[in-house]
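Down below is the structure, laid out as structure tokens.
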Amino acid sequence: MISAQSGRWGDLLPRLISALVMVAVALVAIWVGGLVFGLVIALCCGGMVWELSQMLAPRRFGAAVLLGVVTAVTVFFAGFLPMVLGLAVLVLPVALGWAMMLPAAKLRFALFAIWIVLAGFSFIWLRTGLGAGWLIWLAVVVVATDVAGYFAGKTFGGPKFWPRISPKKTWSGTSAGWGAAALVGAGAAPFFGLGFGLVIAAVAVSMASQAGDIAESALKRQTGVKDSSGLIPGHGGLLDRFDGMLGAAAMFLFLFIFLG
């Protein structure tokens, strides 16, 4: 029994340590803003494209490094350009990857690379345009979703949410994530001068973050890998850790642009 429990929670310590480090770096970067925040986001995007390239073309390490570097540089500079020009610049790493990938991997690379660079651009734009408060709220919603889902799934188990794509994700963990996000939305509403609408927005962002996780899980199953890389102890790679944040950023932008 003890051995089983130890196995079930065996990855908890490295996950907690890595999570604390990532949260500390993220909070400092968000608070400082400017070039520091842009650099952190750009490096994360470059790392994720490097992982993506390695998953799709594991024998082409040099190409993966080149695409990661080009992505990081592009996202960094695009984030401080006028929006239309910045979005145009983001085409560069996507086009370069399309040219370098084998035909069977071109479409998957393009779809995920577009998702990554747009999310990176969005984060820099959100920090510059809306300030630190909303970005911290977005991060807390995603972290609460992930933590609640992890503990509820490990504790209660139960039916799988989508076993063919994400065999570890359960309905108990998924719904716990929605509940945690709703609590974050309710707790933050008074600080932003908003009402129940922020609770609904938080749940929508939570669902989008889980959709990002499922999309990355599908990619890993298609490419036959367990983790996108081993960069983060207890979490796998950057894509494993921030796939939910990519989905959340997209949903937040949708809500902000179309609903205000």
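Every chain in the structure tokens takes a letter, A first, then B, and so on in the order presented; its residues are numbered from 1, and the ligands are numbered from 1 following the presented order.
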Can you check which parts of segment 7-89 of chain A lie within 10 Å of segment 221-244 of chain A? Per residue, the shortest pair of atoms and distance in Å to one decimal, counting only C-alpha atoms, sorted by chain and number, as JSON lines.
```
{"residue": "A:Gly10", "atom": "CA", "partner": "A:Gly234", "partner_atom": "CA", "distance": 9.5}
{"residue": "A:Asp11", "atom": "CA", "partner": "A:Gly234", "partner_atom": "CA", "distance": 5.8}
{"residue": "A:Leu12", "atom": "CA", "partner": "A:Gly234", "partner_atom": "CA", "distance": 7.5}
{"residue": "A:Leu13", "atom": "CA", "partner": "A:Gly234", "partner_atom": "CA", "distance": 8.0}
{"residue": "A:Pro14", "atom": "CA", "partner": "A:Gly234", "partner_atom": "CA", "distance": 5.0}
{"residue": "A:Arg15", "atom": "CA", "partner": "A:Gly234", "partner_atom": "CA", "distance": 4.5}
{"residue": "A:Leu16", "atom": "CA", "partner": "A:Gly234", "partner_atom": "CA", "distance": 8.2}
{"residue": "A:Ile17", "atom": "CA", "partner": "A:Pro233", "partner_atom": "CA", "distance": 8.5}
{"residue": "A:Ser18", "atom": "CA", "partner": "A:Pro233", "partner_atom": "CA", "distance": 6.3}
{"residue": "A:Ala19", "atom": "CA", "partner": "A:His235", "partner_atom": "CA", "distance": 8.5}
{"residue": "A:Met22", "atom": "CA", "partner": "A:Ile232", "partner_atom": "CA", "distance": 9.4}
{"residue": "A:Cys44", "atom": "CA", "partner": "A:Leu238", "partner_atom": "CA", "distance": 7.0}
{"residue": "A:Cys45", "atom": "CA", "partner": "A:Leu238", "partner_atom": "CA", "distance": 8.6}
{"residue": "A:Gly46", "atom": "CA", "partner": "A:Leu238", "partner_atom": "CA", "distance": 9.8}
{"residue": "A:Gly47", "atom": "CA", "partner": "A:Leu238", "partner_atom": "CA", "distance": 6.8}
{"residue": "A:Met48", "atom": "CA", "partner": "A:Leu239", "partner_atom": "CA", "distance": 5.5}
{"residue": "A:Val49", "atom": "CA", "partner": "A:Leu239", "partner_atom": "CA", "distance": 8.7}
{"residue": "A:Trp50", "atom": "CA", "partner": "A:Ser229", "partner_atom": "CA", "distance": 9.5}
{"residue": "A:Glu51", "atom": "CA", "partner": "A:Ser228", "partner_atom": "CA", "distance": 5.8}
{"residue": "A:Leu52", "atom": "CA", "partner": "A:Ser228", "partner_atom": "CA", "distance": 7.2}
{"residue": "A:Ser53", "atom": "CA", "partner": "A:Ser228", "partner_atom": "CA", "distance": 9.8}
{"residue": "A:Gln54", "atom": "CA", "partner": "A:Ser228", "partner_atom": "CA", "distance": 8.2}
{"residue": "A:Met55", "atom": "CA", "partner": "A:Thr223", "partner_atom": "CA", "distance": 6.3}
{"residue": "A:Leu56", "atom": "CA", "partner": "A:Thr223", "partner_atom": "CA", "distance": 6.6}
{"residue": "A:Ala57", "atom": "CA", "partner": "A:Thr223", "partner_atom": "CA", "distance": 9.3}
{"residue": "A:Pro58", "atom": "CA", "partner": "A:Thr223", "partner_atom": "CA", "distance": 9.6}
```
I need the residues in segment 38-232 of chain A that are alpha helix (DSSP H) according to DSSP; give them as a PyMOL selection string. chain A and resi 38-56+61-78+83-89+91-100+103-130+132-156+171-192+197-223
Find the residues around segment 64-80 of chain A up to 10 Å (only C-alpha atoms counted), leave out those fewer than 5 positions away in its own chain, and share them as a ChimeraX atom specification. /A:34-35,37-59,85-94,96-97,100-101,113,116-126,128
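Compared by their closest atoms to Gly133 of chain A, and using only C-alpha atoms, the residues A:Phe151, A:Phe61, A:Phe252, A:Phe192 rank with A:Phe192 nearest.
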Atom CA of Gly131 of chain A to atom CA of Leu255 of chain A: how many Å, to one decimal?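 Distance between the two atoms: 16.7 Å.
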Hey, what's within 12 Å of segment 173-190 of chain A if we count only C-alpha atoms and toss same-chain stuff fewer than 3 positions away? As a tab-separated table (two decimals) with all heavy atoms, in the first residue's frame, please?
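What ended up in out34.tsv:
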```
chain	number	residue	atom	x	y	z
A	133	GLY	N	-1.76	43.07	-14.08
A	133	GLY	CA	-2.87	42.47	-13.35
A	133	GLY	C	-3.58	41.37	-14.12
A	133	GLY	O	-3.82	40.28	-13.60
A	134	TRP	N	-3.93	41.64	-15.38
A	134	TRP	CA	-4.68	40.66	-16.15
A	134	TRP	C	-3.84	39.45	-16.51
A	134	TRP	O	-4.34	38.32	-16.55
A	134	TRP	CB	-5.22	41.30	-17.44
A	134	TRP	CG	-6.48	42.07	-17.21
A	134	TRP	CD1	-6.63	43.42	-17.21
A	134	TRP	CD2	-7.77	41.53	-16.91
A	134	TRP	NE1	-7.93	43.76	-16.94
A	134	TRP	CE2	-8.66	42.62	-16.75
A	134	TRP	CE3	-8.26	40.23	-16.76
A	134	TRP	CZ2	-10.00	42.45	-16.46
A	134	TRP	CZ3	-9.61	40.06	-16.47
A	134	TRP	CH2	-10.47	41.16	-16.33
A	136	ILE	N	-1.40	38.23	-14.65
A	136	ILE	CA	-1.31	37.43	-13.42
A	136	ILE	C	-2.60	36.64	-13.23
A	136	ILE	O	-2.59	35.46	-12.87
A	136	ILE	CB	-1.02	38.32	-12.21
A	136	ILE	CG1	0.40	38.90	-12.32
A	136	ILE	CG2	-1.17	37.55	-10.90
A	136	ILE	CD1	0.74	39.90	-11.24
A	137	TRP	N	-3.73	37.28	-13.47
A	137	TRP	CA	-5.02	36.59	-13.37
A	137	TRP	C	-5.08	35.41	-14.33
A	137	TRP	O	-5.49	34.31	-13.95
A	137	TRP	CB	-6.16	37.56	-13.68
A	137	TRP	CG	-7.52	36.92	-13.71
A	137	TRP	CD1	-8.33	36.68	-12.65
A	137	TRP	CD2	-8.22	36.44	-14.88
A	137	TRP	NE1	-9.49	36.07	-13.07
A	137	TRP	CE2	-9.45	35.91	-14.42
A	137	TRP	CE3	-7.93	36.41	-16.23
A	137	TRP	CZ2	-10.38	35.36	-15.29
A	137	TRP	CZ3	-8.86	35.85	-17.11
A	137	TRP	CH2	-10.07	35.34	-16.63
A	138	LEU	N	-4.64	35.62	-15.57
A	138	LEU	CA	-4.65	34.56	-16.57
A	138	LEU	C	-3.78	33.39	-16.12
A	138	LEU	O	-4.20	32.22	-16.20
A	138	LEU	CB	-4.14	35.10	-17.90
A	138	LEU	CG	-4.15	34.14	-19.08
A	138	LEU	CD1	-5.57	33.83	-19.52
A	138	LEU	CD2	-3.35	34.71	-20.25
A	139	ALA	N	-2.59	33.70	-15.61
A	139	ALA	CA	-1.68	32.65	-15.15
A	139	ALA	C	-2.27	31.89	-13.97
A	139	ALA	O	-2.16	30.66	-13.89
A	139	ALA	CB	-0.33	33.25	-14.79
A	140	VAL	N	-2.90	32.60	-13.04
A	140	VAL	CA	-3.48	31.96	-11.86
A	140	VAL	C	-4.63	31.03	-12.26
A	140	VAL	O	-4.77	29.92	-11.71
A	140	VAL	CB	-3.95	33.01	-10.84
A	140	VAL	CG1	-4.74	32.35	-9.71
A	140	VAL	CG2	-2.75	33.76	-10.26
A	141	VAL	N	-5.44	31.44	-13.23
A	141	VAL	CA	-6.53	30.58	-13.70
A	141	VAL	C	-5.98	29.28	-14.27
A	141	VAL	O	-6.46	28.19	-13.96
A	141	VAL	CB	-7.39	31.31	-14.76
A	141	VAL	CG1	-8.34	30.33	-15.45
A	141	VAL	CG2	-8.18	32.44	-14.12
A	142	VAL	N	-4.93	29.39	-15.09
A	142	VAL	CA	-4.36	28.20	-15.71
A	142	VAL	C	-3.70	27.30	-14.67
A	142	VAL	O	-3.87	26.08	-14.69
A	142	VAL	CB	-3.34	28.60	-16.81
A	142	VAL	CG1	-2.64	27.36	-17.36
A	142	VAL	CG2	-4.04	29.34	-17.93
A	143	VAL	N	-2.94	27.90	-13.74
A	143	VAL	CA	-2.28	27.11	-12.71
A	143	VAL	C	-3.31	26.43	-11.81
A	143	VAL	O	-3.17	25.26	-11.44
A	143	VAL	CB	-1.33	28.00	-11.87
A	143	VAL	CG1	-0.83	27.25	-10.65
A	143	VAL	CG2	-0.15	28.46	-12.72
A	144	ALA	N	-4.37	27.17	-11.43
A	144	ALA	CA	-5.42	26.58	-10.59
A	144	ALA	C	-6.10	25.42	-11.31
A	144	ALA	O	-6.39	24.38	-10.70
A	144	ALA	CB	-6.45	27.66	-10.22
A	145	THR	N	-6.35	25.59	-12.59
A	145	THR	CA	-6.94	24.51	-13.38
A	145	THR	C	-6.06	23.27	-13.37
A	145	THR	O	-6.53	22.15	-13.15
A	145	THR	CB	-7.16	24.98	-14.83
A	145	THR	OG1	-8.08	26.08	-14.84
A	145	THR	CG2	-7.71	23.86	-15.70
A	146	ASP	N	-4.77	23.49	-13.59
A	146	ASP	CA	-3.83	22.37	-13.67
A	146	ASP	C	-3.66	21.69	-12.32
A	146	ASP	O	-3.68	20.45	-12.23
A	146	ASP	CB	-2.48	22.88	-14.18
A	146	ASP	CG	-1.50	21.75	-14.41
A	146	ASP	OD1	-1.78	20.88	-15.24
A	146	ASP	OD2	-0.45	21.72	-13.73
A	147	VAL	N	-3.48	22.47	-11.26
A	147	VAL	CA	-3.24	21.90	-9.93
A	147	VAL	C	-4.48	21.15	-9.44
A	147	VAL	O	-4.38	20.02	-8.94
A	147	VAL	CB	-2.83	23.00	-8.93
A	147	VAL	CG1	-2.81	22.45	-7.51
A	147	VAL	CG2	-1.46	23.56	-9.30
A	148	ALA	N	-5.65	21.78	-9.57
A	148	ALA	CA	-6.88	21.13	-9.13
A	148	ALA	C	-7.13	19.85	-9.93
A	148	ALA	O	-7.53	18.82	-9.37
A	148	ALA	CB	-8.07	22.08	-9.28
A	149	GLY	N	-6.88	19.91	-11.23
A	149	GLY	CA	-7.06	18.73	-12.06
A	149	GLY	C	-6.11	17.61	-11.69
A	149	GLY	O	-6.49	16.44	-11.65
A	150	TYR	N	-4.86	17.97	-11.37
A	150	TYR	CA	-3.86	16.97	-11.01
A	150	TYR	C	-4.26	16.25	-9.72
A	150	TYR	O	-4.28	15.01	-9.67
A	150	TYR	CB	-2.50	17.66	-10.83
A	150	TYR	CG	-1.41	16.75	-10.32
A	150	TYR	CD1	-0.75	15.88	-11.17
A	150	TYR	CD2	-1.04	16.77	-8.98
A	150	TYR	CE1	0.26	15.04	-10.70
A	150	TYR	CE2	-0.03	15.93	-8.50
A	150	TYR	CZ	0.62	15.08	-9.37
A	150	TYR	OH	1.61	14.26	-8.90
A	151	PHE	N	-4.58	17.01	-8.68
A	151	PHE	CA	-4.89	16.40	-7.40
A	151	PHE	C	-6.22	15.65	-7.42
A	151	PHE	O	-6.34	14.57	-6.85
A	151	PHE	CB	-4.89	17.46	-6.29
A	151	PHE	CG	-3.52	17.81	-5.81
A	151	PHE	CD1	-2.89	18.96	-6.22
A	151	PHE	CD2	-2.84	16.97	-4.94
A	151	PHE	CE1	-1.62	19.29	-5.79
A	151	PHE	CE2	-1.56	17.28	-4.50
A	151	PHE	CZ	-0.94	18.44	-4.92
A	152	ALA	N	-7.24	16.22	-8.09
A	152	ALA	CA	-8.53	15.53	-8.16
A	152	ALA	C	-8.41	14.25	-8.97
A	152	ALA	O	-8.98	13.22	-8.61
A	152	ALA	CB	-9.58	16.46	-8.77
A	153	GLY	N	-7.67	14.32	-10.08
A	153	GLY	CA	-7.49	13.13	-10.90
A	153	GLY	C	-6.74	12.03	-10.17
A	153	GLY	O	-7.11	10.85	-10.25
A	154	LYS	N	-5.69	12.40	-9.43
A	154	LYS	CA	-4.91	11.42	-8.68
A	154	LYS	C	-5.72	10.85	-7.51
A	154	LYS	O	-5.60	9.68	-7.17
A	154	LYS	CB	-3.65	12.08	-8.12
A	154	LYS	CG	-2.61	12.46	-9.16
A	154	LYS	CD	-1.82	11.26	-9.62
A	154	LYS	CE	-0.66	11.66	-10.51
A	154	LYS	NZ	0.14	10.51	-10.98
A	155	THR	N	-6.54	11.70	-6.89
A	155	THR	CA	-7.27	11.28	-5.69
A	155	THR	C	-8.53	10.48	-6.02
A	155	THR	O	-8.78	9.42	-5.43
A	155	THR	CB	-7.66	12.51	-4.85
A	155	THR	OG1	-6.48	13.24	-4.49
A	155	THR	CG2	-8.39	12.08	-3.57
A	156	PHE	N	-9.32	10.98	-6.95
A	156	PHE	CA	-10.63	10.38	-7.21
A	156	PHE	C	-10.63	9.45	-8.44
A	156	PHE	O	-11.45	8.53	-8.51
A	156	PHE	CB	-11.69	11.47	-7.39
A	156	PHE	CG	-11.82	12.38	-6.21
A	156	PHE	CD1	-11.39	13.70	-6.29
A	156	PHE	CD2	-12.32	11.92	-5.01
A	156	PHE	CE1	-11.50	14.55	-5.19
A	156	PHE	CE2	-12.44	12.75	-3.91
A	156	PHE	CZ	-12.01	14.08	-4.01
A	157	GLY	N	-9.77	9.73	-9.40
A	157	GLY	CA	-9.75	8.90	-10.60
A	157	GLY	C	-11.08	8.95	-11.33
A	157	GLY	O	-11.66	10.01	-11.50
A	158	GLY	N	-11.57	7.79	-11.72
A	158	GLY	CA	-12.87	7.72	-12.37
A	158	GLY	C	-12.76	7.65	-13.89
A	158	GLY	O	-11.68	7.41	-14.45
A	159	PRO	N	-13.88	7.86	-14.57
A	159	PRO	CA	-13.92	7.73	-16.04
A	159	PRO	C	-12.94	8.69	-16.71
A	159	PRO	O	-12.73	9.81	-16.25
A	159	PRO	CB	-15.37	8.09	-16.38
A	159	PRO	CG	-16.14	7.88	-15.12
A	159	PRO	CD	-15.20	8.20	-14.01
A	160	LYS	N	-12.37	8.22	-17.81
A	160	LYS	CA	-11.44	9.05	-18.57
A	160	LYS	C	-12.18	10.08	-19.41
A	160	LYS	O	-13.27	9.80	-19.93
A	160	LYS	CB	-10.56	8.19	-19.47
A	160	LYS	CG	-9.78	7.11	-18.72
A	160	LYS	CD	-8.80	7.71	-17.73
A	160	LYS	CE	-7.99	6.64	-17.03
A	160	LYS	NZ	-7.04	7.21	-16.04
A	161	PHE	N	-11.57	11.24	-19.54
A	161	PHE	CA	-12.19	12.32	-20.31
A	161	PHE	C	-12.13	12.03	-21.81
A	161	PHE	O	-13.12	12.15	-22.52
A	161	PHE	CB	-11.48	13.64	-20.00
A	161	PHE	CG	-12.04	14.82	-20.74
A	161	PHE	CD1	-13.22	15.41	-20.34
A	161	PHE	CD2	-11.37	15.35	-21.84
A	161	PHE	CE1	-13.75	16.51	-21.03
A	161	PHE	CE2	-11.88	16.44	-22.53
A	161	PHE	CZ	-13.07	17.02	-22.12
A	162	TRP	N	-10.95	11.64	-22.29
A	162	TRP	CA	-10.77	11.32	-23.71
A	162	TRP	C	-9.62	10.31	-23.81
A	162	TRP	O	-8.50	10.67	-24.16
A	162	TRP	CB	-10.46	12.59	-24.51
A	162	TRP	CG	-10.64	12.46	-25.99
A	162	TRP	CD1	-10.75	11.32	-26.72
A	162	TRP	CD2	-10.74	13.55	-26.94
A	162	TRP	NE1	-10.90	11.60	-28.06
A	162	TRP	CE2	-10.90	12.96	-28.22
A	162	TRP	CE3	-10.71	14.92	-26.83
A	162	TRP	CZ2	-11.02	13.73	-29.38
A	162	TRP	CZ3	-10.83	15.69	-27.99
A	162	TRP	CH2	-10.98	15.10	-29.24
A	166	SER	N	-5.87	11.55	-24.52
A	166	SER	CA	-5.18	11.89	-23.27
A	166	SER	C	-5.57	10.87	-22.21
A	166	SER	O	-6.51	11.09	-21.44
A	166	SER	CB	-5.57	13.31	-22.84
A	166	SER	OG	-4.85	13.72	-21.71
A	168	LYS	N	-4.53	9.92	-19.36
A	168	LYS	CA	-4.45	10.23	-17.93
A	168	LYS	C	-5.52	11.22	-17.47
A	168	LYS	O	-5.78	11.34	-16.28
A	168	LYS	CB	-3.07	10.79	-17.58
A	168	LYS	CG	-1.94	9.78	-17.69
A	168	LYS	CD	-0.63	10.37	-17.23
A	168	LYS	CE	0.49	9.36	-17.29
A	168	LYS	NZ	1.78	9.94	-16.82
A	169	LYS	N	-6.13	11.91	-18.38
A	169	LYS	CA	-7.09	12.97	-18.01
A	169	LYS	C	-8.45	12.34	-17.68
A	169	LYS	O	-9.01	11.59	-18.48
A	169	LYS	CB	-7.23	13.99	-19.14
A	169	LYS	CG	-8.01	15.24	-18.73
A	169	LYS	CD	-8.03	16.25	-19.85
A	169	LYS	CE	-6.68	16.84	-20.11
A	169	LYS	NZ	-6.19	17.64	-18.97
A	170	THR	N	-8.96	12.66	-16.49
A	170	THR	CA	-10.24	12.12	-16.04
A	170	THR	C	-11.29	13.21	-15.98
A	170	THR	O	-10.99	14.41	-15.95
A	170	THR	CB	-10.10	11.50	-14.63
A	170	THR	OG1	-9.72	12.54	-13.71
A	170	THR	CG2	-9.04	10.41	-14.63
A	193	GLY	N	-13.37	45.17	-10.65
A	193	GLY	CA	-14.64	45.89	-10.76
A	193	GLY	C	-15.64	45.19	-11.65
A	193	GLY	O	-16.46	45.85	-12.29
A	194	LEU	N	-15.58	43.87	-11.69
A	194	LEU	CA	-16.46	43.09	-12.55
A	194	LEU	C	-17.31	42.16	-11.70
A	194	LEU	O	-17.03	41.93	-10.53
A	194	LEU	CB	-15.64	42.29	-13.57
A	194	LEU	CG	-14.78	43.12	-14.53
A	194	LEU	CD1	-13.89	42.21	-15.35
A	194	LEU	CD2	-15.67	43.96	-15.45
A	195	GLY	N	-18.34	41.62	-12.32
A	195	GLY	CA	-19.24	40.74	-11.60
A	195	GLY	C	-19.12	39.30	-12.02
A	195	GLY	O	-18.02	38.81	-12.29
A	196	PHE	N	-20.28	38.62	-12.14
A	196	PHE	CA	-20.31	37.20	-12.44
A	196	PHE	C	-19.72	36.88	-13.81
A	196	PHE	O	-19.30	35.76	-14.07
A	196	PHE	CB	-21.75	36.68	-12.35
A	196	PHE	CG	-21.86	35.19	-12.46
A	196	PHE	CD1	-21.42	34.37	-11.42
A	196	PHE	CD2	-22.38	34.60	-13.60
A	196	PHE	CE1	-21.52	32.98	-11.52
A	196	PHE	CE2	-22.48	33.22	-13.71
A	196	PHE	CZ	-22.06	32.41	-12.66
A	197	GLY	N	-19.67	37.89	-14.67
A	197	GLY	CA	-19.10	37.67	-16.00
A	197	GLY	C	-17.67	37.19	-15.94
A	197	GLY	O	-17.23	36.41	-16.81
A	198	LEU	N	-16.91	37.61	-14.92
A	198	LEU	CA	-15.52	37.18	-14.81
A	198	LEU	C	-15.43	35.70	-14.42
A	198	LEU	O	-14.48	35.02	-14.77
A	198	LEU	CB	-14.77	38.04	-13.79
A	198	LEU	CG	-13.25	37.88	-13.80
A	198	LEU	CD1	-12.69	38.24	-15.17
A	198	LEU	CD2	-12.59	38.72	-12.73
A	199	VAL	N	-16.42	35.21	-13.69
A	199	VAL	CA	-16.46	33.78	-13.36
A	199	VAL	C	-16.64	32.97	-14.64
A	199	VAL	O	-15.95	31.96	-14.87
A	199	VAL	CB	-17.60	33.49	-12.36
A	199	VAL	CG1	-17.70	31.99	-12.10
A	199	VAL	CG2	-17.38	34.25	-11.07
A	200	ILE	N	-17.57	33.40	-15.48
A	200	ILE	CA	-17.80	32.71	-16.76
A	200	ILE	C	-16.55	32.78	-17.63
A	200	ILE	O	-16.15	31.79	-18.25
A	200	ILE	CB	-19.00	33.33	-17.49
A	200	ILE	CG1	-20.27	33.16	-16.66
A	200	ILE	CG2	-19.17	32.72	-18.88
A	200	ILE	CD1	-21.49	33.84	-17.24
A	201	ALA	N	-15.90	33.96	-17.65
A	201	ALA	CA	-14.68	34.12	-18.44
A	201	ALA	C	-13.59	33.18	-17.93
A	201	ALA	O	-12.85	32.58	-18.72
A	201	ALA	CB	-14.21	35.57	-18.40
A	202	ALA	N	-13.48	33.05	-16.61
A	202	ALA	CA	-12.45	32.19	-16.03
A	202	ALA	C	-12.68	30.73	-16.42
A	202	ALA	O	-11.72	30.00	-16.75
A	202	ALA	CB	-12.44	32.33	-14.51
A	203	VAL	N	-13.92	30.29	-16.40
A	203	VAL	CA	-14.22	28.91	-16.80
A	203	VAL	C	-13.93	28.71	-18.28
A	203	VAL	O	-13.38	27.66	-18.69
A	203	VAL	CB	-15.68	28.56	-16.48
A	203	VAL	CG1	-16.03	27.17	-17.01
A	203	VAL	CG2	-15.93	28.61	-14.97
A	204	ALA	N	-14.25	29.71	-19.11
A	204	ALA	CA	-13.95	29.61	-20.55
A	204	ALA	C	-12.45	29.52	-20.78
A	204	ALA	O	-11.98	28.73	-21.61
A	204	ALA	CB	-14.54	30.82	-21.28
A	205	VAL	N	-11.69	30.33	-20.06
A	205	VAL	CA	-10.23	30.28	-20.17
A	205	VAL	C	-9.71	28.93	-19.70
A	205	VAL	O	-8.79	28.35	-20.30
A	205	VAL	CB	-9.59	31.43	-19.36
A	205	VAL	CG1	-8.10	31.22	-19.18
A	205	VAL	CG2	-9.86	32.76	-20.04
A	206	SER	N	-10.29	28.39	-18.62
A	206	SER	CA	-9.91	27.08	-18.11
A	206	SER	C	-10.15	26.00	-19.16
A	206	SER	O	-9.29	25.14	-19.39
A	206	SER	CB	-10.70	26.77	-16.84
A	206	SER	OG	-10.45	25.46	-16.38
A	207	MET	N	-11.31	26.03	-19.80
A	207	MET	CA	-11.62	25.04	-20.83
A	207	MET	C	-10.64	25.15	-22.00
A	207	MET	O	-10.20	24.14	-22.55
A	207	MET	CB	-13.05	25.24	-21.32
A	207	MET	CG	-14.11	24.86	-20.31
A	207	MET	SD	-15.79	25.14	-20.96
A	207	MET	CE	-16.78	24.41	-19.65
A	208	ALA	N	-10.30	26.40	-22.37
A	208	ALA	CA	-9.36	26.59	-23.47
A	208	ALA	C	-7.97	26.07	-23.11
A	208	ALA	O	-7.27	25.51	-23.95
A	208	ALA	CB	-9.29	28.07	-23.84
A	209	SER	N	-7.58	26.25	-21.85
A	209	SER	CA	-6.27	25.73	-21.43
A	209	SER	C	-6.25	24.21	-21.49
A	209	SER	O	-5.25	23.60	-21.88
A	209	SER	CB	-5.94	26.22	-20.01
A	209	SER	OG	-6.69	25.55	-19.03
A	210	GLN	N	-7.37	23.58	-21.11
A	210	GLN	CA	-7.45	22.12	-21.19
A	210	GLN	C	-7.46	21.66	-22.65
A	210	GLN	O	-6.89	20.61	-22.98
A	210	GLN	CB	-8.70	21.63	-20.46
A	210	GLN	CG	-8.62	21.83	-18.95
A	210	GLN	CD	-9.96	21.59	-18.26
A	210	GLN	OE1	-11.01	21.69	-18.87
A	210	GLN	NE2	-9.91	21.27	-16.98
A	211	ALA	N	-8.09	22.45	-23.52
A	211	ALA	CA	-8.08	22.12	-24.95
A	211	ALA	C	-6.66	22.17	-25.51
A	211	ALA	O	-6.27	21.34	-26.33
A	211	ALA	CB	-8.99	23.07	-25.72
A	213	ASP	N	-3.99	21.53	-23.81
A	213	ASP	CA	-3.33	20.32	-23.29
A	213	ASP	C	-3.71	19.10	-24.12
A	213	ASP	O	-2.86	18.25	-24.44
A	213	ASP	CB	-3.74	20.12	-21.83
A	213	ASP	CG	-3.13	18.86	-21.23
A	213	ASP	OD1	-1.90	18.80	-21.10
A	213	ASP	OD2	-3.89	17.93	-20.91
A	214	ILE	N	-4.98	19.00	-24.50
A	214	ILE	CA	-5.43	17.86	-25.30
A	214	ILE	C	-4.80	17.90	-26.69
A	214	ILE	O	-4.40	16.86	-27.23
A	214	ILE	CB	-6.97	17.86	-25.40
A	214	ILE	CG1	-7.57	17.53	-24.02
A	214	ILE	CG2	-7.46	16.88	-26.45
A	214	ILE	CD1	-9.07	17.70	-23.94
A	244	GLY	N	-1.35	24.53	-22.04
A	244	GLY	CA	-2.58	25.12	-21.52
A	244	GLY	C	-2.56	26.63	-21.57
A	244	GLY	O	-3.57	27.28	-21.86
A	248	ALA	N	-5.18	29.21	-23.28
A	248	ALA	CA	-5.79	30.26	-22.46
A	248	ALA	C	-5.57	31.63	-23.06
A	248	ALA	O	-6.47	32.49	-23.04
A	248	ALA	CB	-5.21	30.21	-21.05
```
In Å, how far is it from atom CA of Ala104 of chain A to atom CA of Ala250 of chain A? 26.5 Å
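Of note, atom CA of Gly62 of chain A and atom CA of Leu81 of chain A are spaced 28.9 Å apart.
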Hey, what does DSSP flag as strand (DSSP E or B) within segment 34-213 of chain A? Can you give it to me as a PyMOL selection string? chain A and resi 160-162+166-170
